[in-house]
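Undergrad: Please find start22.txt (compact mmCIF, C-alpha atoms) on the next line:
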```
# COMPACT_ATOMS: atom_id res chain seq x y z
CA MET A 1 5.35 3.58 -42.60
CA ASN A 2 5.01 -0.16 -43.14
CA SER A 3 6.00 -1.93 -46.35
CA THR A 4 2.68 -1.07 -48.04
CA GLY A 5 3.02 2.61 -47.25
CA SER A 6 -0.05 2.64 -45.02
CA THR A 7 -0.21 4.02 -41.48
CA PRO A 8 0.59 1.37 -38.82
CA VAL A 9 -2.45 0.05 -37.01
CA ILE A 10 -2.52 0.70 -33.26
CA ASP A 11 -3.53 -2.28 -31.13
CA THR A 12 -6.37 -0.58 -29.27
CA ASN A 13 -7.17 -3.72 -27.30
CA ALA A 14 -3.63 -3.78 -25.89
CA THR A 15 -3.81 -0.07 -25.12
CA ALA A 16 -7.14 -0.47 -23.34
CA SER A 17 -5.79 -3.46 -21.44
CA ALA A 18 -2.76 -1.47 -20.23
CA PHE A 19 -5.01 1.38 -19.13
CA GLY A 20 -7.32 -1.05 -17.35
CA TRP A 21 -4.40 -2.58 -15.41
CA ASP A 22 -3.12 0.89 -14.54
CA PHE A 23 -6.54 1.88 -13.19
CA GLN A 24 -7.01 -1.39 -11.33
CA SER A 25 -3.57 -1.14 -9.71
CA ASN A 26 -4.04 2.45 -8.60
CA ALA A 27 -7.56 1.75 -7.38
CA ALA A 28 -6.05 -1.00 -5.21
CA ILE A 29 -3.51 1.44 -3.76
CA LEU A 30 -6.25 3.99 -3.12
CA LEU A 31 -8.59 1.54 -1.38
CA ALA A 32 -5.70 0.10 0.62
CA LEU A 33 -4.89 3.59 1.94
CA LYS A 34 -8.57 4.24 2.71
CA ASN A 35 -8.57 1.06 4.84
CA ILE A 36 -4.95 1.18 6.01
CA LYS A 37 -5.62 0.92 9.76
CA ASP A 38 -7.44 -2.40 9.39
CA LEU A 39 -5.65 -3.73 6.31
CA GLU A 40 -3.55 -6.89 6.58
CA ARG A 41 -2.89 -7.60 2.90
CA LEU A 42 -4.21 -6.91 -0.58
CA LYS A 43 -4.46 -8.87 -3.80
CA VAL A 44 -4.90 -7.56 -7.31
CA GLU A 45 -6.37 -10.14 -9.69
CA GLY A 46 -6.99 -12.45 -6.79
CA ASP A 47 -8.79 -15.78 -6.78
CA ILE A 48 -12.24 -14.18 -6.43
CA ASP A 49 -12.17 -10.56 -7.65
CA ASP A 50 -10.18 -7.80 -9.36
CA ILE A 51 -9.12 -6.41 -5.98
CA GLU A 52 -9.31 -8.20 -2.65
CA LEU A 53 -8.62 -6.46 0.66
CA TYR A 54 -8.07 -8.67 3.69
CA LEU A 55 -8.65 -6.85 6.96
CA LYS A 56 -8.29 -7.56 10.67
CA ASP A 57 -10.77 -9.94 12.32
CA ASN A 58 -10.99 -11.98 9.10
CA LYS A 59 -12.98 -9.27 7.32
CA LYS A 60 -12.81 -9.06 3.52
CA ILE A 61 -13.62 -6.49 0.87
CA PHE A 62 -14.14 -7.65 -2.71
CA VAL A 63 -13.85 -5.10 -5.51
CA GLN A 64 -14.65 -5.02 -9.21
CA ALA A 65 -12.74 -2.31 -11.09
CA LYS A 66 -14.00 -1.09 -14.46
CA SER A 67 -12.51 1.79 -16.43
CA GLN A 68 -12.31 3.48 -19.80
CA GLU A 69 -9.81 5.99 -21.17
CA ASP A 70 -12.61 8.45 -21.99
CA PRO A 71 -14.46 8.80 -18.65
CA THR A 72 -17.64 10.09 -20.29
CA PRO A 73 -20.55 7.65 -19.82
CA GLY A 74 -21.12 5.75 -23.04
CA THR A 75 -22.67 2.67 -24.59
CA ASN A 76 -20.62 0.29 -22.43
CA THR A 77 -21.18 2.02 -19.11
CA LEU A 78 -24.12 -0.09 -17.98
CA THR A 79 -22.56 -3.23 -19.43
CA LYS A 80 -19.59 -2.63 -17.13
CA LEU A 81 -21.96 -2.15 -14.19
CA LYS A 82 -23.83 -5.34 -15.06
CA ASP A 83 -20.65 -7.40 -15.40
CA ALA A 84 -19.25 -6.00 -12.16
CA LEU A 85 -22.40 -6.76 -10.18
CA LYS A 86 -22.55 -10.30 -11.58
CA THR A 87 -18.98 -11.00 -10.42
CA LEU A 88 -19.52 -9.35 -7.04
CA ILE A 89 -22.66 -11.42 -6.43
CA ASN A 90 -20.65 -14.51 -7.31
CA ALA A 91 -18.05 -13.46 -4.69
CA THR A 92 -20.74 -13.41 -1.98
CA ASN A 93 -21.28 -17.12 -2.62
CA GLN A 94 -17.60 -17.97 -2.25
CA SER A 95 -16.61 -16.22 0.95
CA LYS A 96 -17.81 -14.16 3.87
CA TYR A 97 -17.39 -10.46 3.19
CA GLU A 98 -17.56 -7.06 4.83
CA GLN A 99 -18.15 -5.02 1.66
CA ILE A 100 -18.49 -5.53 -2.09
CA ILE A 101 -17.44 -2.51 -4.13
CA TYR A 102 -17.85 -1.49 -7.76
CA ILE A 103 -15.16 1.11 -8.48
CA SER A 104 -14.84 3.03 -11.75
CA ASN A 105 -13.36 6.13 -13.33
CA ILE A 106 -16.55 6.75 -15.35
CA MET A 107 -17.87 10.16 -14.35
CA ASN A 108 -21.39 8.81 -13.84
CA PRO A 109 -21.05 5.02 -13.37
CA LEU A 110 -24.85 4.58 -13.22
CA LYS A 111 -25.29 6.53 -16.50
CA ASN A 112 -28.24 8.63 -15.45
CA LYS A 113 -28.10 12.39 -16.04
CA GLN A 114 -30.40 13.04 -13.10
CA LEU A 115 -27.71 11.48 -10.90
CA ASP A 116 -24.84 13.66 -12.19
CA TYR A 117 -24.83 15.62 -8.93
CA PHE A 118 -23.82 12.42 -7.10
CA TRP A 119 -20.35 12.46 -8.59
CA GLY A 120 -17.51 14.97 -8.72
CA ASN A 121 -13.82 15.62 -9.26
CA TYR A 122 -12.66 13.68 -6.20
CA PHE A 123 -12.99 10.27 -4.55
CA ILE A 124 -16.66 9.37 -4.04
CA ILE A 125 -18.10 6.26 -2.42
CA TYR A 126 -21.73 5.53 -1.58
CA SER A 127 -23.32 2.59 0.17
CA TYR A 128 -26.46 1.15 -1.43
CA ASN A 129 -28.62 2.32 1.48
CA GLU A 130 -27.70 5.99 1.07
CA LEU A 131 -28.48 6.09 -2.66
CA ASN A 132 -31.83 7.49 -3.75
CA ASP A 133 -34.55 5.26 -5.21
CA GLN A 134 -33.58 6.08 -8.77
CA ALA A 135 -30.01 4.89 -8.25
CA LYS A 136 -31.17 1.82 -6.31
CA ASN A 137 -33.54 0.88 -9.13
CA ILE A 138 -30.66 0.90 -11.64
CA ILE A 139 -28.61 -1.40 -9.42
CA ASN A 140 -31.60 -3.64 -8.71
CA LYS A 141 -32.27 -3.96 -12.44
CA TYR A 142 -28.84 -5.44 -13.12
CA ILE A 143 -28.84 -7.63 -10.04
CA ASN A 144 -32.14 -9.11 -11.20
CA ALA A 145 -30.73 -9.51 -14.73
CA ALA A 146 -27.76 -11.44 -13.33
CA VAL A 147 -30.14 -13.74 -11.46
CA GLN A 148 -32.25 -14.40 -14.54
CA ASN A 149 -29.47 -14.67 -17.14
CA TYR A 150 -26.84 -16.53 -15.11
CA LYS A 151 -28.97 -18.31 -12.50
CA ILE A 152 -26.87 -16.75 -9.73
CA ASP A 153 -27.91 -17.32 -6.14
CA ILE A 154 -28.37 -14.02 -4.24
CA SER A 155 -29.26 -15.52 -0.87
CA ASN A 156 -25.88 -14.33 0.48
CA LEU A 157 -26.16 -10.84 -0.99
CA GLU A 158 -26.54 -8.16 1.70
CA TYR A 159 -27.63 -4.95 0.01
CA ASP A 160 -26.32 -2.77 2.82
CA LYS A 161 -22.80 -4.02 2.02
CA ILE A 162 -22.91 -2.94 -1.63
CA LYS A 163 -20.88 0.19 -2.42
CA ILE A 164 -20.49 2.21 -5.60
CA CYS A 165 -17.27 4.20 -5.96
CA ALA A 166 -15.86 6.56 -8.58
CA PHE A 167 -12.84 8.84 -8.85
CA PRO A 168 -11.19 10.80 -11.68
CA PHE A 169 -8.53 8.80 -13.51
CA PHE A 170 -7.80 9.87 -17.07
CA GLY A 171 -5.43 11.88 -19.24
CA GLN A 172 -1.86 11.37 -20.48
CA ASN A 173 -0.36 13.77 -17.96
CA ASP A 174 0.68 11.95 -14.78
CA GLU A 175 -0.28 14.83 -12.51
CA THR A 176 -3.79 14.72 -13.96
CA ARG A 177 -4.24 10.96 -14.10
CA TYR A 178 -2.81 10.17 -10.66
CA ARG A 179 -4.02 13.27 -8.79
CA ILE A 180 -6.43 11.45 -6.48
CA ILE A 181 -3.90 8.71 -5.69
CA TYR A 182 -1.22 11.30 -4.94
CA GLU A 183 -3.54 13.17 -2.58
CA ALA A 184 -4.31 9.95 -0.68
CA VAL A 185 -0.60 9.09 -0.38
CA GLN A 186 0.21 12.61 0.75
CA LYS A 187 -2.54 12.51 3.39
CA PHE A 188 -1.14 9.28 4.80
CA LEU A 189 2.38 10.75 4.91
CA VAL A 190 1.11 13.83 6.76
CA ASN A 191 -0.61 11.55 9.29
CA ALA A 192 2.68 9.68 9.65
CA GLU A 193 4.48 12.99 10.31
CA ILE A 194 6.85 12.47 7.39
CA SER A 195 9.03 15.48 6.65
CA ALA A 196 8.58 16.97 3.14
CA PRO A 197 5.57 14.73 2.32
CA ASP A 198 5.24 16.21 -1.19
CA GLY A 199 8.55 14.84 -2.41
CA VAL A 200 8.25 11.53 -0.56
CA ALA A 201 4.71 11.04 -1.95
CA HIS A 202 6.03 11.05 -5.52
CA ASP A 203 8.81 8.60 -4.63
CA VAL A 204 6.41 6.26 -2.81
CA MET A 205 3.91 6.35 -5.68
CA ASN A 206 6.66 5.60 -8.19
CA TYR A 207 7.81 2.65 -6.10
CA TRP A 208 4.31 1.20 -5.69
CA GLN A 209 3.42 1.68 -9.34
CA SER A 210 6.68 0.02 -10.40
CA ILE A 211 5.65 -3.11 -8.49
CA PHE A 212 2.44 -3.31 -10.50
CA PHE A 213 4.21 -2.44 -13.75
CA GLN A 214 6.67 -5.29 -13.22
CA ASN A 215 3.73 -7.68 -12.81
CA ALA A 216 1.67 -6.36 -15.73
CA ALA A 217 2.25 -9.54 -17.75
CA THR A 218 1.00 -11.90 -15.04
CA ARG A 219 -1.70 -9.51 -13.79
CA HIS A 220 -1.25 -10.61 -10.19
CA VAL A 221 0.13 -8.75 -7.18
CA GLU A 222 -0.13 -9.66 -3.52
CA LEU A 223 1.27 -7.39 -0.80
CA LYS A 224 1.21 -7.51 2.97
CA LYS A 225 0.64 -4.18 4.67
CA GLU A 226 4.25 -4.20 5.88
CA GLU A 227 5.47 -4.54 2.30
CA LEU A 228 3.22 -1.67 1.23
CA ILE A 229 4.24 0.88 3.84
CA TRP A 230 7.85 -0.10 4.57
CA PRO A 231 9.30 1.75 1.53
CA ILE A 232 8.11 4.94 3.23
CA VAL A 233 10.39 4.20 6.18
CA VAL A 234 13.27 3.37 3.85
CA LEU A 235 12.86 6.60 1.87
CA GLU A 236 12.52 8.74 4.98
CA SER A 237 15.53 7.07 6.64
CA SER A 238 17.82 7.21 3.62
CA LYS A 239 19.90 10.11 4.95
CA PRO A 240 23.15 8.93 6.60
CA PRO A 241 22.77 9.20 10.41
CA SER A 242 25.21 10.90 12.74
CA TYR A 243 27.00 8.30 14.87
CA GLY A 244 28.21 10.76 17.50
CA ASP A 245 31.24 9.64 19.50
CA PHE A 246 30.50 5.91 19.32
CA PHE A 247 33.56 5.24 17.21
CA ASP A 248 36.04 7.82 18.52
CA GLU A 249 38.30 5.08 19.85
CA TYR A 250 37.94 2.86 16.78
CA ASP A 251 40.90 2.10 14.54
CA ILE A 252 40.67 4.44 11.55
CA GLY A 253 41.69 1.63 9.21
CA ALA A 254 38.86 -0.58 10.50
CA MET A 255 36.32 2.20 9.94
CA LYS A 256 37.59 2.71 6.38
CA GLU A 257 37.26 -1.02 5.74
CA ILE A 258 33.70 -1.03 7.08
CA ASN A 259 32.72 1.95 4.94
CA ARG A 260 34.39 0.45 1.86
CA LYS A 261 32.98 -3.07 2.07
CA TYR A 262 29.84 -2.93 4.19
CA SER A 263 27.98 0.34 3.53
CA ALA A 264 25.43 -1.28 1.18
CA PHE A 265 25.13 -4.27 3.50
CA ILE A 266 24.38 -2.03 6.50
CA GLU A 267 21.78 -0.15 4.47
CA LYS A 268 20.05 -3.41 3.52
CA LYS A 269 19.95 -4.74 7.10
CA THR A 270 18.41 -1.53 8.40
CA GLU A 271 15.60 -1.90 5.85
CA GLN A 272 14.44 -5.37 6.95
CA PHE A 273 11.06 -5.04 8.63
CA GLU A 274 11.27 -8.06 10.95
CA PHE A 275 14.78 -7.29 12.17
CA VAL A 276 14.10 -3.58 12.64
CA THR A 277 10.96 -4.40 14.64
CA ARG A 278 12.92 -6.79 16.86
CA VAL A 279 15.63 -4.21 17.65
CA MET A 280 13.05 -1.53 18.43
CA ASN A 281 11.04 -3.83 20.70
CA ASP A 282 14.21 -4.88 22.51
CA PHE A 283 15.20 -1.25 22.99
CA LYS A 284 11.76 -0.39 24.33
CA ASN A 285 11.95 -3.22 26.86
CA TYR A 286 15.50 -2.22 27.80
CA THR A 287 14.44 1.39 28.34
CA ASN A 288 11.56 0.30 30.60
CA ALA A 289 13.94 -1.87 32.63
CA HIS A 290 16.53 0.91 33.02
CA ARG A 291 14.45 3.97 33.82
CA LYS A 292 17.26 5.52 35.86
CA LEU A 293 19.30 6.02 32.71
CA LYS A 294 18.61 9.39 31.12
CA GLY A 295 18.83 10.71 27.57
CA LYS A 296 21.52 9.19 25.43
CA GLN A 297 22.80 7.06 28.35
CA VAL A 298 20.20 4.37 27.72
CA PHE A 299 20.88 4.55 23.99
CA GLU A 300 24.64 4.14 24.40
CA GLN A 301 24.40 1.43 27.05
CA PHE A 302 21.94 -0.59 24.98
CA VAL A 303 24.29 -0.57 21.99
CA GLU A 304 27.35 -1.41 24.07
CA THR A 305 25.77 -4.23 26.08
CA LYS A 306 23.44 -5.78 23.50
CA TRP A 307 25.28 -5.66 20.18
CA GLN A 308 26.66 -9.19 20.56
CA SER A 309 23.13 -10.66 20.70
CA TYR A 310 22.53 -9.45 17.14
CA VAL A 311 25.81 -10.48 15.52
CA SER A 312 24.56 -13.85 14.23
CA PHE A 313 21.55 -12.14 12.63
CA ILE A 314 23.64 -9.44 10.98
CA ILE A 315 27.03 -10.76 9.91
CA ASN A 316 28.65 -14.20 9.94
CA GLY A 317 31.74 -15.88 8.60
CA PRO A 318 35.48 -15.60 9.29
CA ILE A 319 35.50 -11.85 9.77
CA ASP A 320 37.68 -9.88 12.15
CA LEU A 321 35.87 -9.37 15.47
CA GLU A 322 36.46 -5.61 15.38
CA ILE A 323 34.78 -5.45 11.95
CA LYS A 324 31.86 -7.56 13.18
CA GLU A 325 31.41 -5.30 16.18
CA GLY A 326 31.58 -2.15 14.07
CA VAL A 327 29.09 -3.35 11.45
CA THR A 328 26.66 -4.63 14.08
CA LYS A 329 26.76 -1.40 16.07
CA LEU A 330 26.30 0.70 12.94
CA VAL A 331 23.18 -1.28 12.03
CA ILE A 332 21.71 -0.94 15.53
CA ILE A 333 22.53 2.75 15.79
CA LYS A 334 20.95 3.57 12.43
CA ILE A 335 17.77 1.69 13.36
CA LEU A 336 17.49 3.46 16.72
CA LYS A 337 18.25 6.87 15.22
CA ASN A 338 15.25 6.36 12.93
CA ARG A 339 12.95 4.85 15.58
CA PHE A 340 10.61 7.85 15.81
CA THR A 341 10.08 7.91 12.05
CA ILE A 342 9.49 4.16 12.07
CA ASN A 343 7.00 4.38 14.93
CA ASN A 344 5.10 7.27 13.30
CA VAL A 345 4.68 5.32 10.06
CA LYS A 346 3.69 2.12 11.87
CA GLU A 347 1.18 4.00 14.01
CA ALA A 348 -0.39 5.71 10.99
CA ALA A 349 -0.69 2.31 9.31
CA GLY A 350 -2.11 0.53 12.35
CA LEU A 351 0.97 -1.66 12.85
CA LEU A 352 1.58 -0.74 16.51
```
Mind converting the file's structure to structure tokens?
TA:
Amino acid sequence: MNSTGSTPVIDTNATASAFGWDFQSNAAILLALKNIKDLERLKVEGDIDDIELYLKDNKKIFVQAKSQEDPTPGTNTLTKLKDALKTLINATNQSKYEQIIYISNIMNPLKNKQLDYFWGNYFIIYSYNELNDQAKNIINKYINAAVQNYKIDISNLEYDKIKICAFPFFGQNDETRYRIIYEAVQKFLVNAEISAPDGVAHDVMNYWQSIFFQNAATRHVELKKEELIWPIVVLESSKPPSYGDFFDEYDIGAMKEINRKYSAFIEKKTEQFEFVTRVMNDFKNYTNAHRKLKGKQVFEQFVETKWQSYVSFIINGPIDLEIKEGVTKLVIIKILKNRFTINNVKEAAGLL
């Protein structure tokens, strides 16, 4: 109760805004996964559109995301379509593009009962050319309205690059609201041969969504593909590796000191994309140059002969040489122990 005894007023605009950002963020994740092989980076609330996907060969996808908490088509449905098309047409005059997409959680984003069969309880995307005449006429109507009302130039608009997309996104229950996103994440993890993809999918989704939640005030997120997929490697590689007999001859006191002071540091170094990629590429080249070495011989010899070349990148300062050697070797060993997981994820994401 407030001081007057009346029921507090809920700020519905703020609630709708939060829902809209949630939808826009998750739509960005979904479209990024759908284009993961060619993706280079994504922007949410970019300079041109709600969602911007930058692909290989300088290709770009511009996206307008419109949502409502009640997904039933209503009085604002066609207004959202009109506004989205206006902004997408404007994007075609600012940059070259591969696709322009209107994405929504409205169950029938064209608000025509005779088109209900077009949509369903899963991710749906249609190009303009594959829509029937009735659907095309609705889109044409609002394109023409944008031209007349806003004097927008459509000379750069290629109708075959227009896409209309919808997927279920509603409800207070997370499993209901994020079902389609979860399925897309899980599919990627299966392709990447991740063990226990169900559990990892929830952790990855939570991590990605936290990034967008942290930026809800500024309404801007930009991620390279490496930044998007690397948490998967980190989560999958989080189990402590077995170091075998590498440190059998090590001073027990030195090993205790390393574990006490440098465990978190080692973990952090083995999560750095650029450094991990360098070690793996070096190991691949070393293996090719030493084909006579079999099994763990090449692994052990690489660590023993190459660890010093990484010291300056891993640990500096007035530290005992034995500690430096131990920390450096532990970092290299952990990276190489996880190399198959890393390669599977990179291959699934088109990073190899």
Undergrad: Leaving out Gln94 in chain A and any residue of its chain fewer than 3 positions from it, which residues lie within 9 Å of it when counting only C-alpha atoms, given as a list of chain:residue names?
TA: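 Counting only C-alpha atoms, the residues come to A:Ile48, A:Asn90, A:Ala91.
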Undergrad: Give me the residues near Leu352 in chain A as JSON, numbers by chain, where near means some atom within 12 Å (using all atoms listed in the file) and where sequence neighbours in that chain fewer than 5 positions away do not count.
TA: {"A": [37, 38, 226, 277, 280, 281, 342, 343, 344, 345, 346, 347]}
Undergrad: Can you work out the spacing between CA of Ile181 in chain A and CA of Asn26 in chain A in Å, to one decimal?
TA: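 Going from CA of Ile181 in chain A over to CA of Asn26 in chain A, I get 6.9 Å.
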Undergrad: At what distance in Å, to one decimal, does CA of Val63 in chain A lie from CA of Gly46 in chain A?
TA: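 So the two atoms, CA of Gly46 in chain A and CA of Val63 in chain A, lie 10.1 Å apart.
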Undergrad: So which one's closest to Asn206 in chain A, A:Leu330, A:Ile154, A:Ile139, A:Val185? Using only C-alpha atoms, please.
TA: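 Once distances to Asn206 in chain A are computed over only C-alpha atoms, the minimum belongs to A:Val185.
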Undergrad: My list of candidates is A:Val303, A:Val234, A:Leu53, A:Ile314. Which is closest to Asp203 in chain A when distances are computed with only C-alpha atoms?
TA: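 Smallest separation from Asp203 in chain A among the options: A:Val234.
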Undergrad: Output: range 19-39 of chain A of the preceding structure, restricted to N, CA, C and O atoms, written as a compact mmCIF listing (two decimals), in the first residue's frame.
TA:
```txt
# COMPACT_ATOMS: atom_id res chain seq x y z
N PHE A 19 10.65 -6.54 -21.51
CA PHE A 19 10.29 -7.70 -22.32
C PHE A 19 10.82 -7.55 -23.73
O PHE A 19 11.35 -8.50 -24.32
N GLY A 20 10.70 -6.34 -24.28
CA GLY A 20 11.19 -6.10 -25.63
C GLY A 20 12.69 -6.32 -25.75
O GLY A 20 13.17 -6.91 -26.73
N TRP A 21 13.46 -5.88 -24.74
CA TRP A 21 14.91 -6.09 -24.75
C TRP A 21 15.24 -7.58 -24.61
O TRP A 21 16.15 -8.09 -25.25
N ASP A 22 14.47 -8.27 -23.77
CA ASP A 22 14.67 -9.71 -23.60
C ASP A 22 14.44 -10.44 -24.92
O ASP A 22 15.23 -11.29 -25.32
N PHE A 23 13.35 -10.09 -25.61
CA PHE A 23 13.07 -10.72 -26.90
C PHE A 23 14.15 -10.39 -27.91
O PHE A 23 14.66 -11.27 -28.62
N GLN A 24 14.50 -9.12 -28.00
CA GLN A 24 15.51 -8.69 -28.98
C GLN A 24 16.84 -9.39 -28.75
O GLN A 24 17.49 -9.85 -29.70
N SER A 25 17.25 -9.51 -27.49
CA SER A 25 18.52 -10.16 -27.15
C SER A 25 18.50 -11.63 -27.54
O SER A 25 19.46 -12.15 -28.14
N ASN A 26 17.42 -12.32 -27.20
CA ASN A 26 17.33 -13.74 -27.50
C ASN A 26 17.13 -14.00 -28.98
O ASN A 26 17.61 -15.01 -29.51
N ALA A 27 16.46 -13.08 -29.68
CA ALA A 27 16.35 -13.20 -31.13
C ALA A 27 17.73 -13.08 -31.77
O ALA A 27 18.04 -13.77 -32.74
N ALA A 28 18.58 -12.21 -31.21
CA ALA A 28 19.94 -12.05 -31.72
C ALA A 28 20.74 -13.34 -31.53
O ALA A 28 21.46 -13.78 -32.44
N ILE A 29 20.61 -13.96 -30.35
CA ILE A 29 21.30 -15.22 -30.10
C ILE A 29 20.82 -16.28 -31.09
O ILE A 29 21.62 -17.02 -31.68
N LEU A 30 19.51 -16.36 -31.27
CA LEU A 30 18.92 -17.36 -32.16
C LEU A 30 19.40 -17.18 -33.60
O LEU A 30 19.84 -18.14 -34.25
N LEU A 31 19.36 -15.96 -34.11
CA LEU A 31 19.79 -15.71 -35.49
C LEU A 31 21.30 -15.89 -35.65
O LEU A 31 21.77 -16.33 -36.70
N ALA A 32 22.05 -15.58 -34.60
CA ALA A 32 23.49 -15.82 -34.64
C ALA A 32 23.78 -17.31 -34.79
O ALA A 32 24.64 -17.72 -35.58
N LEU A 33 23.06 -18.14 -34.03
CA LEU A 33 23.26 -19.59 -34.12
C LEU A 33 22.81 -20.13 -35.48
O LEU A 33 23.42 -21.06 -36.01
N LYS A 34 21.75 -19.56 -36.04
CA LYS A 34 21.27 -19.99 -37.35
C LYS A 34 22.28 -19.65 -38.45
O LYS A 34 22.28 -20.29 -39.51
N ASN A 35 23.14 -18.67 -38.20
CA ASN A 35 24.12 -18.24 -39.19
C ASN A 35 25.56 -18.42 -38.70
O ASN A 35 26.48 -17.75 -39.17
N ILE A 36 25.74 -19.33 -37.75
CA ILE A 36 27.00 -19.41 -37.00
C ILE A 36 28.21 -19.70 -37.89
O ILE A 36 29.31 -19.20 -37.64
N LYS A 37 28.05 -20.50 -38.93
CA LYS A 37 29.20 -20.86 -39.77
C LYS A 37 29.79 -19.64 -40.47
O LYS A 37 31.00 -19.54 -40.64
N ASP A 38 28.93 -18.71 -40.88
CA ASP A 38 29.38 -17.54 -41.62
C ASP A 38 29.51 -16.29 -40.75
O ASP A 38 30.05 -15.28 -41.20
N LEU A 39 29.03 -16.36 -39.52
CA LEU A 39 29.02 -15.18 -38.65
C LEU A 39 30.44 -14.74 -38.30
O LEU A 39 31.32 -15.56 -38.05
```
